[in-house]
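> Dropping in my_file_21.pdb, which is PDB, C-alpha atoms:
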ATOM      1  CA  MET J   1     119.481  55.990 137.194
ATOM      2  CA  GLN J   2     120.198  55.254 133.553
ATOM      3  CA  ASN J   3     122.838  52.727 132.569
ATOM      4  CA  SER J   4     126.031  54.718 132.014
ATOM      5  CA  ASN J   5     127.614  52.048 129.776
ATOM      6  CA  LYS J   6     125.988  53.525 126.683
ATOM      7  CA  TYR J   7     127.529  56.928 127.320
ATOM      8  CA  SER J   8     130.672  57.800 125.403
ATOM      9  CA  ILE J   9     132.296  60.607 127.435
ATOM     10  CA  GLU J  10     133.272  60.165 131.051
ATOM     11  CA  LEU J  11     134.094  63.517 132.624
ATOM     12  CA  ASN J  12     135.335  64.194 136.175
ATOM     13  CA  LEU J  13     135.237  67.743 137.529
ATOM     14  CA  TYR J  14     135.765  69.356 140.911
ATOM     15  CA  ASN J  15     133.714  72.082 142.518
ATOM     16  CA  LYS J  16     135.636  75.292 143.148
ATOM     17  CA  ASN J  17     139.323  76.109 143.074
ATOM     18  CA  ASN J  18     140.508  73.106 141.084
ATOM     19  CA  PRO J  19     140.245  74.025 137.388
ATOM     20  CA  VAL J  20     141.067  70.641 135.862
ATOM     21  CA  GLU J  21     139.065  68.051 133.971
ATOM     22  CA  ILE J  22     139.735  64.338 133.791
ATOM     23  CA  THR J  23     138.170  62.725 130.734
ATOM     24  CA  ARG J  24     137.935  59.315 129.144
ATOM     25  CA  PHE J  25     136.535  58.679 125.675
ATOM     26  CA  PHE J  26     137.715  56.964 122.504
ATOM     27  CA  SER J  27     140.143  59.152 120.611
ATOM     28  CA  VAL J  28     142.881  58.772 118.015
ATOM     29  CA  VAL J  29     146.009  60.423 119.400
ATOM     30  CA  PHE J  30     149.722  60.672 118.745
ATOM     31  CA  ASP J  31     151.827  57.761 119.973
ATOM     32  CA  THR J  32     154.029  59.555 122.500
ATOM     33  CA  ARG J  33     155.267  56.421 124.269
ATOM     34  CA  LYS J  34     158.874  57.193 123.399
ATOM     35  CA  PHE J  35     158.559  60.486 125.228
ATOM     36  CA  ASN J  36     155.765  59.987 127.779
ATOM     37  CA  LEU J  37     155.296  57.436 130.524
ATOM     38  CA  SER J  38     152.576  54.887 129.805
ATOM     39  CA  ALA J  39     149.790  54.252 132.306
ATOM     40  CA  LYS J  40     151.399  50.872 133.016
ATOM     41  CA  ASN J  41     154.814  52.412 133.694
ATOM     42  CA  LYS J  42     153.232  55.090 135.857
ATOM     43  CA  GLU J  43     151.517  52.362 137.840
ATOM     44  CA  LYS J  44     154.866  50.615 138.326
ATOM     45  CA  LEU J  45     156.434  53.847 139.588
ATOM     46  CA  VAL J  46     153.505  54.408 141.944
ATOM     47  CA  ASP J  47     153.921  50.857 143.291
ATOM     48  CA  LYS J  48     157.625  51.522 143.754
ATOM     49  CA  LEU J  49     156.923  54.724 145.706
ATOM     50  CA  PHE J  50     154.453  52.901 147.936
ATOM     51  CA  LYS J  51     157.043  50.220 148.700
ATOM     52  CA  GLU J  52     159.999  52.590 149.105
ATOM     53  CA  ASN J  53     158.074  54.770 151.517
ATOM     54  CA  LYS J  54     156.463  51.856 153.368
ATOM     55  CA  VAL J  55     152.938  53.074 152.732
ATOM     56  CA  GLN J  56     150.174  50.487 152.476
ATOM     57  CA  ARG J  57     148.674  50.302 149.006
ATOM     58  CA  LYS J  58     145.158  50.524 150.439
ATOM     59  CA  GLU J  59     145.809  54.173 151.271
ATOM     60  CA  ASP J  60     144.297  55.539 148.049
ATOM     61  CA  SER J  61     144.924  59.121 149.132
ATOM     62  CA  PHE J  62     148.566  58.715 148.130
ATOM     63  CA  ASN J  63     147.784  57.671 144.549
ATOM     64  CA  GLU J  64     147.093  61.183 143.309
ATOM     65  CA  ILE J  65     150.051  62.575 145.236
ATOM     66  CA  PHE J  66     152.496  60.080 143.782
ATOM     67  CA  LEU J  67     151.065  60.527 140.268
ATOM     68  CA  SER J  68     151.474  64.301 140.548
ATOM     69  CA  LEU J  69     155.080  63.880 141.629
ATOM     70  CA  ILE J  70     155.751  61.604 138.656
ATOM     71  CA  ASP J  71     154.136  64.059 136.210
ATOM     72  CA  LYS J  72     156.143  66.888 137.726
ATOM     73  CA  ASN J  73     159.443  65.039 137.188
ATOM     74  CA  VAL J  74     158.475  63.687 133.741
ATOM     75  CA  PRO J  75     156.089  66.231 132.163
ATOM     76  CA  PRO J  76     154.077  64.658 129.328
ATOM     77  CA  ILE J  77     154.166  65.763 125.680
ATOM     78  CA  PRO J  78     150.678  66.568 124.276
ATOM     79  CA  GLU J  79     149.129  63.630 122.454
ATOM     80  CA  ASN J  80     145.847  65.385 121.670
ATOM     81  CA  LEU J  81     145.749  66.357 117.982
ATOM     82  CA  LEU J  82     143.621  69.420 118.770
ATOM     83  CA  PHE J  83     146.603  70.949 120.559
ATOM     84  CA  ILE J  84     148.857  70.763 117.479
ATOM     85  CA  ARG J  85     148.624  73.513 114.865
ATOM     86  CA  ASN J  86     149.997  71.442 111.966
ATOM     87  CA  ILE J  87     149.850  67.699 112.596
ATOM     88  CA  GLU J  88     151.554  66.961 109.263
ATOM     89  CA  LYS J  89     154.772  68.318 110.746
ATOM     90  CA  VAL J  90     154.632  65.877 113.674
ATOM     91  CA  ASP J  91     156.414  62.643 112.814
ATOM     92  CA  LEU J  92     154.518  60.358 115.197
ATOM     93  CA  ASP J  93     152.190  57.397 114.639
ATOM     94  CA  LEU J  94     148.477  57.590 115.436
ATOM     95  CA  ILE J  95     146.939  55.155 117.932
ATOM     96  CA  LEU J  96     143.602  54.626 119.665
ATOM     97  CA  ASN J  97     143.374  55.890 123.229
ATOM     98  CA  TYR J  98     140.868  55.030 125.949
ATOM     99  CA  GLU J  99     142.702  56.093 129.101
ATOM    100  CA  TYR J 100     141.934  58.826 131.618
ATOM    101  CA  ARG J 101     143.490  62.126 130.618
ATOM    102  CA  LYS J 102     143.955  65.130 132.861
ATOM    103  CA  MET J 103     144.005  68.627 131.389
ATOM    104  CA  THR J 104     143.270  72.222 132.283
ATOM    105  CA  LEU J 105     139.540  72.808 132.477
ATOM    106  CA  GLY J 106     138.246  73.890 129.075
ATOM    107  CA  ASP J 107     141.275  72.982 126.928
ATOM    108  CA  ASN J 108     139.249  70.784 124.560
ATOM    109  CA  LEU J 109     136.534  73.426 124.306
ATOM    110  CA  ILE J 110     139.002  76.205 123.509
ATOM    111  CA  ALA J 111     140.804  74.015 120.977
ATOM    112  CA  PHE J 112     137.481  73.210 119.283
ATOM    113  CA  LEU J 113     136.567  76.902 119.096
ATOM    114  CA  ASN J 114     139.920  77.616 117.446
ATOM    115  CA  LEU J 115     139.438  75.104 114.631
ATOM    116  CA  ASP J 116     138.918  76.356 111.091
ATOM    117  CA  LEU J 117     136.298  73.827 110.044
ATOM    118  CA  ASN J 118     136.339  75.088 106.468
ATOM    119  CA  ASN J 119     139.792  73.516 106.382
ATOM    120  CA  PHE J 120     139.771  69.712 106.037
ATOM    121  CA  ASP J 121     142.999  69.357 108.038
ATOM    122  CA  ASP J 122     141.294  70.933 111.053
ATOM    123  CA  PHE J 123     138.252  68.710 110.593
ATOM    124  CA  PHE J 124     140.589  65.715 110.508
ATOM    125  CA  LYS J 125     141.954  66.739 113.928
ATOM    126  CA  PHE J 126     138.388  66.941 115.206
ATOM    127  CA  PHE J 127     137.469  63.604 113.620
ATOM    128  CA  CYS J 128     140.408  61.816 115.258
ATOM    129  CA  THR J 129     139.987  63.457 118.655
ATOM    130  CA  PHE J 130     136.278  62.677 118.913
ATOM    131  CA  ILE J 131     136.176  59.553 116.763
ATOM    132  CA  PHE J 132     133.721  57.861 119.146
ATOM    133  CA  ILE J 133     131.018  59.969 117.478
ATOM    134  CA  TYR J 134     131.607  58.126 114.222
ATOM    135  CA  LEU J 135     132.264  54.540 115.361
ATOM    136  CA  ASP J 136     128.733  53.424 114.476
ATOM    137  CA  LYS J 137     128.895  55.198 111.110
ATOM    138  CA  ILE J 138     132.262  54.001 109.790
ATOM    139  CA  PRO J 139     131.837  50.922 107.555
ATOM    140  CA  LYS J 140     132.801  47.749 109.418
ATOM    141  CA  THR J 141     135.459  46.805 106.880
ATOM    142  CA  GLN J 142     137.239  50.126 107.359
ATOM    143  CA  LEU J 143     136.739  50.084 111.119
ATOM    144  CA  SER J 144     138.284  46.626 111.453
ATOM    145  CA  LYS J 145     141.333  47.767 109.473
ATOM    146  CA  ILE J 146     141.779  50.990 111.445
ATOM    147  CA  PHE J 147     141.514  49.193 114.787
ATOM    148  CA  LYS J 148     142.862  45.791 113.774
ATOM    149  CA  GLY J 149     143.431  43.562 116.792
ATOM    150  CA  PHE J 150     140.931  45.256 119.065
ATOM    151  CA  ASP J 151     137.903  43.503 120.522
ATOM    152  CA  LYS J 152     134.753  43.471 118.411
ATOM    153  CA  ASP J 153     132.966  45.510 121.062
ATOM    154  CA  ILE J 154     135.280  48.509 120.690
ATOM    155  CA  ILE J 155     133.493  50.537 123.339
ATOM    156  CA  ASN J 156     134.505  48.090 126.083
ATOM    157  CA  ILE J 157     138.041  47.038 125.272
ATOM    158  CA  GLY J 158     139.249  48.242 128.654
ATOM    159  CA  ILE J 159     142.651  49.278 129.933
ATOM    160  CA  ASN J 160     144.529  46.193 128.692
ATOM    161  CA  LYS J 161     143.795  46.872 125.042
ATOM    162  CA  PRO J 162     146.136  45.458 122.397
ATOM    163  CA  PHE J 163     148.374  48.030 120.745
ATOM    164  CA  HIS J 164     147.868  48.861 117.097
ATOM    165  CA  ILE J 165     149.024  51.775 114.971
ATOM    166  CA  ALA J 166     146.055  53.268 113.118
ATOM    167  CA  ASN J 167     146.436  53.719 109.374
ATOM    168  CA  LYS J 168     146.550  57.482 108.863
ATOM    169  CA  ASP J 169     145.617  57.303 105.167
ATOM    170  CA  LEU J 170     142.603  55.145 105.969
ATOM    171  CA  LEU J 171     141.565  57.536 108.743
ATOM    172  CA  LYS J 172     141.720  60.403 106.265
ATOM    173  CA  GLN J 173     139.593  58.464 103.791
ATOM    174  CA  CYS J 174     136.967  57.965 106.493
ATOM    175  CA  ALA J 175     137.122  61.603 107.541
ATOM    176  CA  GLU J 176     136.680  62.703 103.923
ATOM    177  CA  THR J 177     133.430  60.721 103.648
ATOM    178  CA  PHE J 178     131.997  62.650 106.618
ATOM    179  CA  TYR J 179     133.493  66.078 105.940
ATOM    180  CA  GLU J 180     130.890  67.657 103.677
ATOM    181  CA  THR J 181     127.901  66.301 105.632
ATOM    182  CA  GLU J 182     129.385  67.137 109.062
ATOM    183  CA  LYS J 183     130.993  70.485 108.303
ATOM    184  CA  GLU J 184     127.797  72.547 108.309
ATOM    185  CA  TYR J 185     126.579  71.068 111.599
ATOM    186  CA  LEU J 186     129.953  71.484 113.325
ATOM    187  CA  ILE J 187     130.338  75.076 112.166
ATOM    188  CA  LYS J 188     126.857  75.767 113.535
ATOM    189  CA  MET J 189     127.788  74.145 116.874
ATOM    190  CA  GLN J 190     131.084  76.040 116.953
ATOM    191  CA  LEU J 191     129.287  79.338 116.313
ATOM    192  CA  LEU J 192     126.786  78.561 119.068
ATOM    193  CA  PHE J 193     129.566  78.080 121.628
ATOM    194  CA  LYS J 194     131.587  81.033 120.348
ATOM    195  CA  ASN J 195     128.547  83.241 120.848
ATOM    196  CA  PHE J 196     127.918  81.608 124.218
ATOM    197  CA  VAL J 197     131.489  82.224 125.389
ATOM    198  CA  ASP J 198     131.556  85.785 124.015
ATOM    199  CA  TYR J 199     128.302  86.551 125.821
ATOM    200  CA  VAL J 200     129.347  84.972 129.133
ATOM    201  CA  PHE J 201     132.694  86.799 129.242
ATOM    202  CA  ASN J 202     131.345  89.889 127.444
ATOM    203  CA  ASN J 203     134.176  89.729 124.926
ATOM    204  CA  ASP J 204     132.383  92.287 122.740
ATOM    205  CA  ARG J 205     132.336  94.749 125.662
ATOM    206  CA  LYS J 206     128.604  95.375 125.391
ATOM    207  CA  LYS J 207     127.559  98.114 127.756
ATOM    208  CA  LYS J 208     124.234  96.466 128.563
ATOM    209  CA  LEU J 209     126.109  93.425 129.926
ATOM    210  CA  SER J 210     128.905  95.263 131.735
ATOM    211  CA  LYS J 211     127.250  95.293 135.151
ATOM    212  CA  LEU J 212     126.485  91.570 135.130
ATOM    213  CA  ASN J 213     128.823  88.811 136.260
ATOM    214  CA  ASN J 214     129.678  85.705 134.235
ATOM    215  CA  ALA J 215     127.076  83.534 135.945
ATOM    216  CA  GLN J 216     124.325  86.068 135.281
ATOM    217  CA  ARG J 217     125.276  86.314 131.610
ATOM    218  CA  PHE J 218     125.445  82.497 131.388
ATOM    219  CA  TYR J 219     121.903  82.289 132.777
ATOM    220  CA  ILE J 220     120.530  84.871 130.348
ATOM    221  CA  PHE J 221     122.132  83.367 127.238
ATOM    222  CA  GLN J 222     120.975  79.872 128.123
ATOM    223  CA  ASN J 223     117.404  81.059 128.699
ATOM    224  CA  MET J 224     117.195  82.854 125.372
ATOM    225  CA  THR J 225     118.868  80.059 123.335
ATOM    226  CA  GLU J 226     116.656  77.072 122.634
ATOM    227  CA  ASP J 227     119.507  74.858 121.366
ATOM    228  CA  LEU J 228     121.297  75.213 124.706
ATOM    229  CA  ARG J 229     118.217  74.394 126.707
ATOM    230  CA  GLU J 230     117.956  71.117 124.797
ATOM    231  CA  ILE J 231     121.547  70.003 125.455
ATOM    232  CA  SER J 232     121.847  71.347 129.003
ATOM    233  CA  GLU J 233     120.245  68.207 130.451
ATOM    234  CA  ASP J 234     121.650  65.559 128.098
ATOM    235  CA  TYR J 235     123.921  63.819 130.611
ATOM    236  CA  ILE J 236     123.887  61.824 133.817
ATOM    237  CA  CYS J 237     125.821  62.898 136.888
ATOM    238  CA  ASN J 238     127.077  61.437 140.152
ATOM    239  CA  TYR J 239     129.018  63.292 142.820
ATOM    240  CA  SER J 240     130.886  62.427 145.984
ATOM    241  CA  LEU J 241     130.603  64.326 149.247
ATOM    242  CA  SER J 242     134.254  64.662 150.201
ATOM    243  CA  PHE J 243     137.027  67.245 150.315
ATOM    244  CA  SER J 244     140.490  67.030 148.841
ATOM    245  CA  PHE J 245     143.535  69.223 149.311
ATOM    246  CA  THR J 246     146.029  68.619 146.520
ATOM    247  CA  ALA J 247     147.967  71.879 146.533
ATOM    248  CA  GLU J 248     151.520  71.508 145.251
ATOM    249  CA  GLU J 249     152.894  72.864 148.532
ATOM    250  CA  LEU J 250     151.197  70.064 150.462
ATOM    251  CA  MET J 251     152.580  67.455 148.095
ATOM    252  CA  ASN J 252     156.103  68.857 148.372
ATOM    253  CA  GLU J 253     155.992  68.909 152.161
ATOM    254  CA  LEU J 254     154.399  65.478 152.279
ATOM    255  CA  PHE J 255     157.088  64.081 150.003
ATOM    256  CA  ASP J 256     159.759  65.629 152.254
ATOM    257  CA  GLU J 257     158.151  63.825 155.185
ATOM    258  CA  ILE J 258     158.124  60.562 153.244
ATOM    259  CA  LYS J 259     161.818  60.947 152.379
ATOM    260  CA  LYS J 260     162.459  61.286 156.113
ATOM    261  CA  GLY J 261     160.743  57.938 156.620
ATOM    262  CA  ILE J 262     157.495  59.413 157.966
ATOM    263  CA  SER J 263     154.745  57.800 155.913
ATOM    264  CA  ASN J 264     151.608  58.698 157.885
ATOM    265  CA  SER J 265     151.741  62.512 157.692
ATOM    266  CA  LEU J 266     148.654  62.618 155.486
ATOM    267  CA  PHE J 267     146.695  61.399 158.516
ATOM    268  CA  ASN J 268     148.558  63.460 161.126
ATOM    269  CA  GLU J 269     146.470  66.308 162.556
ATOM    270  CA  LYS J 270     149.408  68.518 163.547
ATOM    271  CA  PHE J 271     151.093  68.203 160.149
ATOM    272  CA  LEU J 272     147.848  68.929 158.260
ATOM    273  CA  ILE J 273     146.925  71.943 160.402
ATOM    274  CA  ASN J 274     150.406  73.437 160.045
ATOM    275  CA  THR J 275     150.518  72.805 156.306
ATOM    276  CA  MET J 276     147.063  74.222 155.615
ATOM    277  CA  THR J 277     147.460  77.337 157.754
ATOM    278  CA  LYS J 278     150.820  78.054 156.123
ATOM    279  CA  ASN J 279     149.943  77.265 152.497
ATOM    280  CA  ASP J 280     146.195  77.947 152.410
ATOM    281  CA  PRO J 281     145.378  80.565 155.060
ATOM    282  CA  ASN J 282     142.166  81.585 153.276
ATOM    283  CA  GLY J 283     140.971  78.024 152.718
ATOM    284  CA  LYS J 284     140.704  78.533 148.949
ATOM    285  CA  LYS J 285     142.688  75.446 147.970
ATOM    286  CA  ILE J 286     140.449  72.916 149.661
ATOM    287  CA  VAL J 287     138.328  71.213 147.008
ATOM    288  CA  GLY J 288     134.877  69.771 147.577
ATOM    289  CA  ASN J 289     132.427  67.652 145.619
ATOM    290  CA  LYS J 290     133.921  65.658 142.776
ATOM    291  CA  TYR J 291     131.371  65.437 139.971
ATOM    292  CA  ASN J 292     131.316  62.513 137.557
ATOM    293  CA  PHE J 293     129.474  63.114 134.275
ATOM    294  CA  ASN J 294     128.619  60.729 131.460
ATOM    295  CA  THR J 295     127.227  61.822 128.121
ATOM    296  CA  ASN J 296     127.250  60.816 124.466
ATOM    297  CA  ASN J 297     126.553  64.382 123.352
ATOM    298  CA  LEU J 298     129.674  66.407 122.575
ATOM    299  CA  SER J 299     127.736  69.672 122.877
ATOM    300  CA  ALA J 300     126.611  68.642 126.362
ATOM    301  CA  TYR J 301     130.249  67.972 127.264
ATOM    302  CA  PHE J 302     131.235  71.488 126.141
ATOM    303  CA  TYR J 303     128.245  72.939 127.994
ATOM    304  CA  ILE J 304     129.207  71.190 131.254
ATOM    305  CA  VAL J 305     132.808  72.374 130.943
ATOM    306  CA  LEU J 306     131.792  75.983 130.300
ATOM    307  CA  TYR J 307     129.373  75.848 133.233
ATOM    308  CA  HIS J 308     132.211  74.750 135.535
ATOM    309  CA  ILE J 309     134.522  77.444 134.189
ATOM    310  CA  VAL J 310     131.890  79.988 135.214
ATOM    311  CA  LEU J 311     131.197  78.182 138.499
ATOM    312  CA  ASN J 312     134.890  78.285 139.378
ATOM    313  CA  ASP J 313     135.002  81.965 138.385
ATOM    314  CA  ILE J 314     137.756  81.405 135.828
ATOM    315  CA  ASP J 315     137.988  84.327 133.425
ATOM    316  CA  TYR J 316     140.386  83.023 130.806
ATOM    317  CA  ILE J 317     138.358  82.437 127.647
ATOM    318  CA  LYS J 318     138.740  85.608 125.624
ATOM    319  CA  ARG J 319     139.121  85.633 121.856
ATOM    320  CA  PHE J 320     139.837  82.823 119.439
ATOM    321  CA  GLN J 321     142.336  82.460 116.618
ATOM    322  CA  VAL J 322     139.525  81.627 114.186
ATOM    323  CA  CYS J 323     136.540  83.977 114.359
TER     324      CYS J 323
END
Please lay out the structure from this file as structure tokens.


Amino acid sequence: MQNSNKYSIELNLYNKNNPVEITRFFSVVFDTRKFNLSAKNKEKLVDKLFKENKVQRKEDSFNEIFLSLIDKNVPPIPENLLFIRNIEKVDLDLILNYEYRKMTLGDNLIAFLNLDLNNFDDFFKFFCTFIFIYLDKIPKTQLSKIFKGFDKDIINIGINKPFHIANKDLLKQCAETFYETEKEYLIKMQLLFKNFVDYVFNNDRKKKLSKLNNAQRFYIFQNMTEDLREISEDYICNYSLSFSFTAEELMNELFDEIKKGISNSLFNEKFLINTMTKNDPNGKKIVGNKYNFNTNNLSAYFYIVLYHIVLNDIDYIKRFQVC
């Protein structure tokens, strides 16, 4: 298998019935620390929950449950610039991010398709969000100023990175140097995926496609589009053979058990059978096969995400604000 260290996007997806993506790549985002819990503070709260409920830390199954409970009580404010219509109206600093982020499957793809790339402000949002694409192209003097205090090998600074506010004016200067040369390519890529999405979900209501399902239309469009065939294999993938059941009902009942002082319910057959038969009688909430992707091709990332939207039979990509 190829060395995954050279890949820029780490993407975690689940097969069937769990339409979320967990990503990690270098991105310039809003500093929402005043409003959102940091990864370090979340970790402290998770530790506290383990101790309060007398659960051994080695039981990794509780990590996701506790994190979900924390997010439910303290919902995060979006830090992703793609999700903000007018970033000039947001009075927050910009910082570099390299932490795992969980979002609804396809949110980055939909946000990209909604960008007006003839507008520099929208390109700037793209540039910041996917800045890893440009790290090798930004002059070293500018790069060192934007990310002052970070390790020389920016790609591997790790979780304990020093904190530094990125200079927004300098970021814009960098983005401006790439705008004219990148705009044509990005508009072409955006059009490719708009056409892909429209074809897969038959947004144009073409009669000849009406009797086909999303997967069939996906297959046809990929086969007749050479550009897609080239990017459809530009990634490496690992997957784990395991099941997970992270339905909110299970977490609520499990937390009720923990509050009663019962910390082993996650491993109790009677509790699990009762919970699953009550909250998932059709077995649709059990999730299998976690897939881990790595790629340095943004188009491949969008392709993988769209594939999993179709695989999970999610029919929510319709029309875009910018067409």

> With distances taken over all atoms listed in the file, which of J:Asn195, J:Gln173, J:Asn41, J:Gln190 is nearest to Leu115 in chain J?

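For Leu115 in chain J, the nearest of the candidates is J:Gln190.
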
> Excluding range 229-232 of chain J and residues on its chain fewer than 2 positions from it, collect all residues at most 9 Å away from it, counting all atoms listed in the file, and give them as a list in words.

Gln222, Asn223, Met224, Thr225, Glu226, Asp227, Asp234, Tyr235, Asn297, Ser299, Ala300, Tyr303 and Ile304 of chain J

> Between CA of Asn119 in chain J and CA of Leu94 in chain J, what distance in Å does the model show, to one decimal?

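Going from CA of Asn119 in chain J over to CA of Leu94 in chain J, I get 20.3 Å.
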
> Could you tell me which residues the PyMOL selection byres ((chain J and resi 52) around 12) returns for this structure, as a ChimeraX atom specification?

/J:45-51,53-57,66,255,258-263

> Point out the residue among J:Met251, J:Met276, J:Met103, J:Leu171 with the least atom-to-atom distance to Leu69 in chain J, counting all atoms listed in the file.

J:Met251

> Measure the distance from CA of Arg24 in chain J to CA of Ile95 in chain J in Å and round it to one decimal.

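Interatomic distance, CA of Arg24 in chain J to CA of Ile95 in chain J: 15.0 Å.
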
> Expand the PyMOL selection byres ((chain J and resi 213) around 10) into the explicit residue set it covers here, and present it as a PyMOL selection string.

chain J and resi 200-202+209-212+214-218+310+313

> Report, in Å with one decimal, the straight-line distance from CA of Thr181 in chain J to CA of Leu135 in chain J.

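Those two atoms sit 15.9 Å apart.
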
> Would you mind telling me which residue in J:Thr32, J:Asn86, J:Thr23, J:Ser68 lies nearest to Lys102 in chain J when using all atoms listed in the file?

J:Thr23

> Residues within 8 Å of Gly106 in chain J, please, as a ChimeraX atom specification. Count only C-alpha atoms; anything in the same chain fewer than 3 positions from it doesn't count.

/J:21,109-110,302,305-306,309

> Written as a PyMOL selection string, what is the full residue list that the PyMOL selection byres ((chain J and resi 76-85) around 12) yields on the file shown?

chain J and resi 26-39+42+68+70-75+86-90+92-97+99+101-103+107-116+121-131+321

> Fewer than 6 positions away in the same chain doesn't count, so skip those; otherwise give me all residues within 9 Å of Phe245 in chain J, counting only C-alpha atoms, as a PyMOL selection string.

chain J and resi 276+285-288

> Using only the atoms of range 183-193 of chain J listed in the file, plus 5 Å on each side, state the axis-aligned box centre and edge lengths in Å rounded to one decimal, as AutoDock Vina command-line options.


--center_x 128.8 --center_y 74.9 --center_z 115.0 --size_x 14.5 --size_y 18.9 --size_z 23.3

> Of the candidates J:Ile146, J:Leu250, J:Leu67, J:Ile220, which shows the shortest atom-to-atom distance to Leu266 in chain J, using all atoms listed in the file?

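Of J:Ile146, J:Leu250, J:Leu67, J:Ile220, the one nearest Leu266 in chain J is J:Leu250, counting all atoms listed in the file.
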